[in-house]
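Asks: Have a look at this one before I ask anything.
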Amino acid sequence: MSRPPEHVPAPAPRPETAGRPRRRGRRAAGVLAFVLVLLLAWPIGLLIWASGKIQHVEALTTAPGTAGTTYLLAGSDSRADGVIEDAETLGARTDTIMLLQVPSRGPAALISLPRDTFVDIPGQGPGKLNASFSLGGAPLLVQTVEQLTGLRVDHYVEIGFGGVQHVVDAVGGVELCLEDPNIAYPVDDQDSGLVWPAPGCQVVDGFTALAFARMRQSDPTGDIGRGLRQQQLIGAVTSAVSTPSLALQPTKQVALVDTGLGALAVSEGSGILDLGRLALGFRAATGPEGIRGTPPILDTNYRPGGVGSTVRLDPDATPAFFADLAEGALPPGTVGGMPGS
């Protein structure tokens, strides 16, 4: 009687065959870990590098805190590039003064304070708002604004609009709109160099953007209109530099950070994260749910004597305006402007 065939076990897999999937899995995990490290290291490294390039100025006071976060922006549209120059303040000037208020609740607001606003300058007496910078630099400007508004300035930023021109070119241009019916078209403003053929919007380069921010002689509202155009330019630049596509362009990121920080100086204690929050505040204030404009203006040719023509804020409406600004109680839209507008 024949025996049943013996069961012959299948040959054991070769050690190298069994280990190959594990090695492939380890390699894949290693590549993934390396990519994750690069994705994390790049923005962290960029932040550290950018933090080291920030210019600082002494500016803030020890005034008691107020609601929300208040940024004071002082800008110059002079033909010199970079931030406001002259450490001794002699001859220094600021053509643009803005408040960015980010309340705890409610819409963010970007408010232009006309440079010729008639104010009481601490320790100096009555004068124009921008004279406070000429007399005492950033610290006296901050004190004057705090006294005028009742708001404590949390962060101070100097902007050189000459540097903003380079930022506009670095992002490939921005869209700006000139549609004011009070302006005569075509615009050919000799002082600023702005040429604008008809009401409407255009994608412009840095030169035209800077001319857009400087132009006032062809605008019957003068500095009031110029301030609003500068708000528009800042909003357009902020939107352009915060587009998601920049995350995939590290070379462009470096160029923008280098150019942008070259146009800024901030108060001591303010860092790169504060500038990030500033950009978010700009974006909110210049968006459809934000607030832009000026305080209530009573007279754009107020002549109190001794200081020439000044802008007089409405003494009855202004205190409530700034209180509402701090609390986020103002509705979205345009506020202030020329008397009667």
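FYI, nothing fancy with the structure tokens labels: chains A, B, ... in order, residues from 1 per chain, ligands from 1 as they appear.
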Neighbouring residues of segment 290-298 of chain A were defined as those with any atom within 8 Å, considering only C-alpha atoms; residues of the same chain fewer than 6 positions away were excluded. Please report them as a VMD selection string.
Replies: chain A and resid 107 to 114 224 228 231 284 311 to 314 317 to 318 321 to 322 330 to 339
Asks: Write the residues of the selection above to a file with C-alpha atoms, as a PDB file, in the first residue's frame.
Replies:
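What landed in result.pdb:
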```
ATOM      1  CA  PRO A 107     -15.106  96.626  12.181  1.00  0.00           C
ATOM      2  CA  ALA A 108     -11.499  97.753  11.798  1.00  0.00           C
ATOM      3  CA  ALA A 109     -11.003 101.375  10.750  1.00  0.00           C
ATOM      4  CA  LEU A 110      -8.326 103.294   8.851  1.00  0.00           C
ATOM      5  CA  ILE A 111      -8.646 107.000   9.604  1.00  0.00           C
ATOM      6  CA  SER A 112      -6.568 109.768   8.028  1.00  0.00           C
ATOM      7  CA  LEU A 113      -5.731 112.683  10.321  1.00  0.00           C
ATOM      8  CA  PRO A 114      -5.126 115.700   8.047  1.00  0.00           C
ATOM      9  CA  ILE A 224      -8.258 115.153   2.340  1.00  0.00           C
ATOM     10  CA  LEU A 228      -7.976 108.717   1.007  1.00  0.00           C
ATOM     11  CA  GLN A 231      -5.396 104.595   2.195  1.00  0.00           C
ATOM     12  CA  ALA A 284     -10.015  94.344   7.198  1.00  0.00           C
ATOM     13  CA  VAL A 311      -8.117 122.021   9.307  1.00  0.00           C
ATOM     14  CA  ARG A 312     -10.510 122.345  12.220  1.00  0.00           C
ATOM     15  CA  LEU A 313     -12.182 119.177  13.470  1.00  0.00           C
ATOM     16  CA  ASP A 314     -15.762 119.437  14.676  1.00  0.00           C
ATOM     17  CA  ALA A 317     -18.732 115.471  17.118  1.00  0.00           C
ATOM     18  CA  THR A 318     -15.044 114.522  17.354  1.00  0.00           C
ATOM     19  CA  PHE A 321     -16.309 109.771  17.030  1.00  0.00           C
ATOM     20  CA  PHE A 322     -13.056 108.623  18.614  1.00  0.00           C
ATOM     21  CA  LEU A 330     -18.999 102.819  14.004  1.00  0.00           C
ATOM     22  CA  PRO A 331     -20.815 101.192  11.064  1.00  0.00           C
ATOM     23  CA  PRO A 332     -18.796  99.985   8.048  1.00  0.00           C
ATOM     24  CA  GLY A 333     -18.307 102.459   5.221  1.00  0.00           C
ATOM     25  CA  THR A 334     -16.830 105.908   4.634  1.00  0.00           C
ATOM     26  CA  VAL A 335     -16.766 108.438   7.463  1.00  0.00           C
ATOM     27  CA  GLY A 336     -15.894 112.127   7.765  1.00  0.00           C
ATOM     28  CA  GLY A 337     -14.575 113.833   4.667  1.00  0.00           C
ATOM     29  CA  MET A 338     -15.140 117.400   3.540  1.00  0.00           C
ATOM     30  CA  PRO A 339     -17.659 119.485   5.500  1.00  0.00           C
TER      31      PRO A 339
END
```
Asks: Could you give me, as a PyMOL selection string, the residues within 6 Å of Ile183 of chain A, counting only C-alpha atoms and dropping anything in the same chain fewer than 2 positions from it?
Replies: chain A and resi 180-181+219
Asks: Measuring atom to atom with only C-alpha atoms, identify which of A:Ala59, A:Val174, A:Val307, A:Leu194 is nearest to Gln232 of chain A.
Replies: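 Residue with the minimum atom-to-atom distance to Gln232 of chain A: A:Val174.
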Asks: So that I can see what lies close to segment 127-137 of chain A, please list as a PyMOL selection string the residues with an atom at most 12 Å from it, counting only C-alpha atoms and leaving out residues fewer than 3 positions away in the same chain.
Replies: chain A and resi 57-60+74-76+84-98+112-124+140-148+156+158+302-313
Asks: What residues in segment 87-243 of chain A get the DSSP label strand (DSSP E or B)? Please answer as a ChimeraX atom specification.
Replies: /A:96-102,109-112,117-121,125-128,155-160,174-178,187-188,195-196,200-204
Asks: Name the residues in contact with Ala67 of chain A at a cut-off of 7 Å, using only C-alpha atoms, excluding same-chain residues fewer than 3 positions from it; report them as a ChimeraX atom specification.
Replies: /A:103,326-327
Asks: Quick check, in Å to one decimal: how far apart do atom CA of Ala213 of chain A and atom CA of Gly225 of chain A lie?
Replies: 9.6 Å
Asks: Using Å and a single decimal, report how far atom CA of Leu233 of chain A sits from atom CA of Leu325 of chain A.
Replies: 22.1 Å
Asks: Restricting the calculation to only C-alpha atoms: of A:Pro288, A:Gly227, A:Gly281, A:Gly271, which residue gets closest to Val102 of chain A?
Replies: A:Gly281
Asks: Give me, as a compact mmCIF listing (two decimals) with N, CA, C and O atoms, in the first residue's frame, all polymer residues having an atom no more than 12 Å from Val204 of chain A, counting only C-alpha atoms and skipping those fewer than 3 positions away in the same chain.
Replies:
```txt
# COMPACT_ATOMS: atom_id res chain seq x y z
N GLN A 165 6.83 102.37 -3.50
CA GLN A 165 6.93 102.28 -4.96
C GLN A 165 7.64 100.98 -5.36
O GLN A 165 7.20 100.28 -6.29
N VAL A 168 5.37 97.91 -4.86
CA VAL A 168 4.38 97.77 -5.94
C VAL A 168 5.03 97.10 -7.15
O VAL A 168 4.44 96.19 -7.76
N ASP A 169 6.23 97.52 -7.51
CA ASP A 169 6.91 96.90 -8.65
C ASP A 169 7.23 95.43 -8.35
O ASP A 169 7.15 94.57 -9.24
N VAL A 171 5.54 93.29 -6.62
CA VAL A 171 4.36 92.42 -6.74
C VAL A 171 3.76 92.44 -8.14
O VAL A 171 2.75 91.80 -8.40
N GLY A 172 4.39 93.19 -9.04
CA GLY A 172 3.90 93.22 -10.41
C GLY A 172 2.78 94.20 -10.67
O GLY A 172 2.05 94.08 -11.66
N GLY A 173 2.64 95.21 -9.79
CA GLY A 173 1.61 96.23 -9.97
C GLY A 173 0.39 95.98 -9.10
O GLY A 173 0.16 94.86 -8.62
N VAL A 174 -0.40 97.02 -8.89
CA VAL A 174 -1.64 96.93 -8.11
C VAL A 174 -2.74 97.69 -8.84
O VAL A 174 -2.47 98.58 -9.64
N GLU A 175 -3.98 97.33 -8.53
CA GLU A 175 -5.11 98.03 -9.14
C GLU A 175 -5.53 99.19 -8.25
O GLU A 175 -5.79 99.01 -7.06
N LEU A 176 -5.62 100.38 -8.84
CA LEU A 176 -6.07 101.58 -8.14
C LEU A 176 -7.20 102.22 -8.93
O LEU A 176 -7.26 102.09 -10.16
N CYS A 177 -8.08 102.92 -8.22
CA CYS A 177 -9.25 103.52 -8.86
C CYS A 177 -9.29 105.02 -8.55
O CYS A 177 -9.14 105.42 -7.39
N LEU A 178 -9.49 105.82 -9.57
CA LEU A 178 -9.67 107.26 -9.44
C LEU A 178 -11.00 107.61 -10.11
O LEU A 178 -11.08 107.64 -11.34
N LEU A 194 1.23 112.42 -11.91
CA LEU A 194 0.13 111.50 -12.19
C LEU A 194 -0.57 111.86 -13.50
O LEU A 194 -0.98 113.01 -13.70
N VAL A 195 -0.71 110.88 -14.37
CA VAL A 195 -1.49 111.01 -15.60
C VAL A 195 -2.59 109.96 -15.52
O VAL A 195 -2.33 108.76 -15.40
N TRP A 196 -3.85 110.43 -15.59
CA TRP A 196 -4.99 109.53 -15.47
C TRP A 196 -6.04 110.00 -16.49
O TRP A 196 -6.69 111.01 -16.31
N CYS A 201 -10.59 102.47 -13.09
CA CYS A 201 -9.56 101.70 -12.40
C CYS A 201 -8.48 101.25 -13.38
O CYS A 201 -8.78 100.99 -14.55
N PHE A 207 5.78 103.63 -10.11
CA PHE A 207 5.87 105.07 -10.37
C PHE A 207 4.48 105.71 -10.33
O PHE A 207 4.27 106.74 -9.69
N THR A 208 3.53 105.10 -11.04
CA THR A 208 2.18 105.67 -11.08
C THR A 208 1.50 105.55 -9.72
O THR A 208 0.75 106.45 -9.31
N ALA A 209 1.76 104.46 -9.00
CA ALA A 209 1.18 104.31 -7.66
C ALA A 209 1.66 105.41 -6.73
O ALA A 209 0.89 105.97 -5.94
N LEU A 210 2.95 105.73 -6.81
CA LEU A 210 3.49 106.79 -5.96
C LEU A 210 2.92 108.15 -6.36
O LEU A 210 2.58 108.97 -5.50
N ALA A 211 2.78 108.39 -7.66
CA ALA A 211 2.17 109.64 -8.12
C ALA A 211 0.71 109.72 -7.65
O ALA A 211 0.22 110.80 -7.28
N PHE A 212 0.01 108.61 -7.66
CA PHE A 212 -1.37 108.52 -7.18
C PHE A 212 -1.45 108.94 -5.72
O PHE A 212 -2.36 109.65 -5.30
N LEU A 233 -4.07 102.98 -1.66
CA LEU A 233 -2.81 102.37 -2.08
C LEU A 233 -2.33 101.36 -1.05
O LEU A 233 -1.92 100.24 -1.41
N ALA A 236 -4.37 98.25 -1.34
CA ALA A 236 -4.05 97.48 -2.54
C ALA A 236 -2.74 96.71 -2.37
O ALA A 236 -2.64 95.54 -2.76
N VAL A 237 -1.74 97.36 -1.78
CA VAL A 237 -0.45 96.69 -1.57
C VAL A 237 -0.62 95.55 -0.57
O VAL A 237 -0.09 94.45 -0.76
```
Asks: Taking only C-alpha atoms into account, which of A:Thr286, A:Ser218, A:Asn182, A:Thr300 comes nearest Gln230 of chain A?
Replies: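 The shortest atom-to-atom distance to Gln230 of chain A comes from A:Thr286.
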